[in-house]
Amino acid sequence: MSVPAELHYTEEHEWVSVSGEVATIGITDYAASALGDVVYVNLPAVDAAVTAGEPCGEVESTKSVSDLFSPVDGEVTEVNEELDDDPGLVNAEPYGAGWMFRVRIPAGPGGETALPPGLLSATEYEELTKSAG
Amino acid sequence: MLNAYHARVTSQPQSSPGGATPRSDIRTPRGTPLRSVHERLGATMTDFAGWLMPLRYGSETAEHRAVRSAAGLFDLSHMGEITVTGPGAGAALDYALTGWLSRLSVGQARYTMLCAPDGGILDDLVVYRQAADRFLVVANASNTSVVLAELGERCATVASAAEGAATVTDQTDRTALIAIQGPNASRVLADHTAAALGSVRYYTGVHADVAGSPAWIARTGYTGEDGFEIFCAPEDADHVWKALMPAGGPVDASTAGPAGQAVVPAGLAARDTLRLEAGMPLYGNELGPDVTPFEAGLGKVVRLDKPGDFVGRTALAKLAADAASGNGPGRTLVGLVARSRRVPRHGYPVMSGDTEVGTVTSGAPSPTLGTPIAMAFVAGSAVTGESTGPFGVDIRGRIETADVVPLPFYRKE
């Protein structure tokens, strides 16, 4: 199961990649494998405000539906419209073409990226998935 | 995100209706004789009714499509096999089940039910007459112990009064079950058996070797496709499986088809969407002790025209008489096709305007239709023939529209 070292993770199996003020969010390889074939991703609207730890969409697979949580506070700037036609991208490339949405996160007072506390490192996330069996 | 909603991995009832303790609560899941084959194929395994079963080998959608276009190989060794043997076997089954089993010719099979005295369904079964004095009863894994106990009791009750003894024997541990389903099934199996498959008609079976191992080959299944179910000894299962599907490692089910693999392994996830498209009920979803065969649209399995008493006759005869006088069952099983891409799932309320009129029993994204489909029990008062529906389905607080369609959703050409 792939867990890229450069990404941040949540306990709810989302990943976050930060570039400047923009966070890109998707679900992990572990989550995609556990869900099975993803058939539909219901994403937040562009310009919607999202809150860290709150549901902002849902992921439908053959056997289950799961809430998609935002790992960060901010405003949605872009959603992956490719997933509408090809939700299978989430399974095929969870960290690449299967990304889900982007959020503008306000910079901190010193101009630094303001990620919420509690995000996991790749090592920590890997531990989490191992203990989950 | 995985913690948000319980992943309904197997559509298995969370608690066993009828009060029996589900096997899964009392023991670690047991492997089938093909467990190592599944592990070598890289299967995702799941606990289903106390058995460790392959959920999928890769993409369950690709496995589903492979069964529709080529063929899929299923390990169904978790199913319960019970034989009823002896000169009184037919009469005993006529008393124990809703069907008229003593009328079957040797080689014939019948879909039938075990009902409680009040007409509630304790299990749905396929019964094969393997010889004049031998019937094979195939039960759902979660119900095998109930079926075994009820058959034992009922057959003992009737044997003293009827034409001879009937012996009920659990053969589950002595039986492996492999199904090959799909348009290629007959061609693939024909290469490994001397049985004249052309004369094995739908819902019949024969004793014959498969890849040199003795087996009962039946043209039955749970996918809506042509196909066979092969009952063999557990020690032969590995050999039979590998003869039918020589590929040893992980396979890509999406390559199945005319130019690709003739047969791919298929797991329980694909089995569930295949049976749903075919409009076939699943015990614990559409069927249960609080459901009668008439409500499930399966009144034809109740043979009130057979002679003699049978368990449930009085209650079922009354229900049939009520229906004949225009007083049908309080609820009806309907097919729903969603207009939205959000999936109606087991337990979701069905709405007519602001009124709750029913409940979804099974729902899934349909690989063949490309849209979510569901079966649901809806109050008889909300079902008005051709103009029935559309209904709303309350999908986690938001109502989505679903049209009513006749079952099945899919019928092979």
# chains A, B, ... in the order shown; residues from 1 in each chain; ligands from 1
>>> interface_residues(of="chain A", to="chain B", cutoff="9 Å", atoms="only C-alpha atoms", output="ChimeraX atom specification")
/A:11-14,27,31,34-37,39-40,42,55,58-69
>>> residues_around(residues="B:Pro329", least_positions_apart="4", cutoff="7 Å", atoms="only C-alpha atoms", output="list in words")
Phe294, Glu295, Ala323 and Gly380 of chain B
>>> atom_distance(atom1="atom CA of B:Met351", atom2="atom CA of B:Val405")
16.1 Å
>>> closest_residue(among="B:Met79, B:Ala237, B:Ala166, B:Leu177", to="B:Ile217", atoms="only C-alpha atoms")
B:Leu177
>>> residues_around(residues="stretch 103-108 of chain B", least_positions_apart="4", cutoff="6 Å", atoms="only C-alpha atoms", output="ChimeraX atom specification")
/B:128-131,204-205
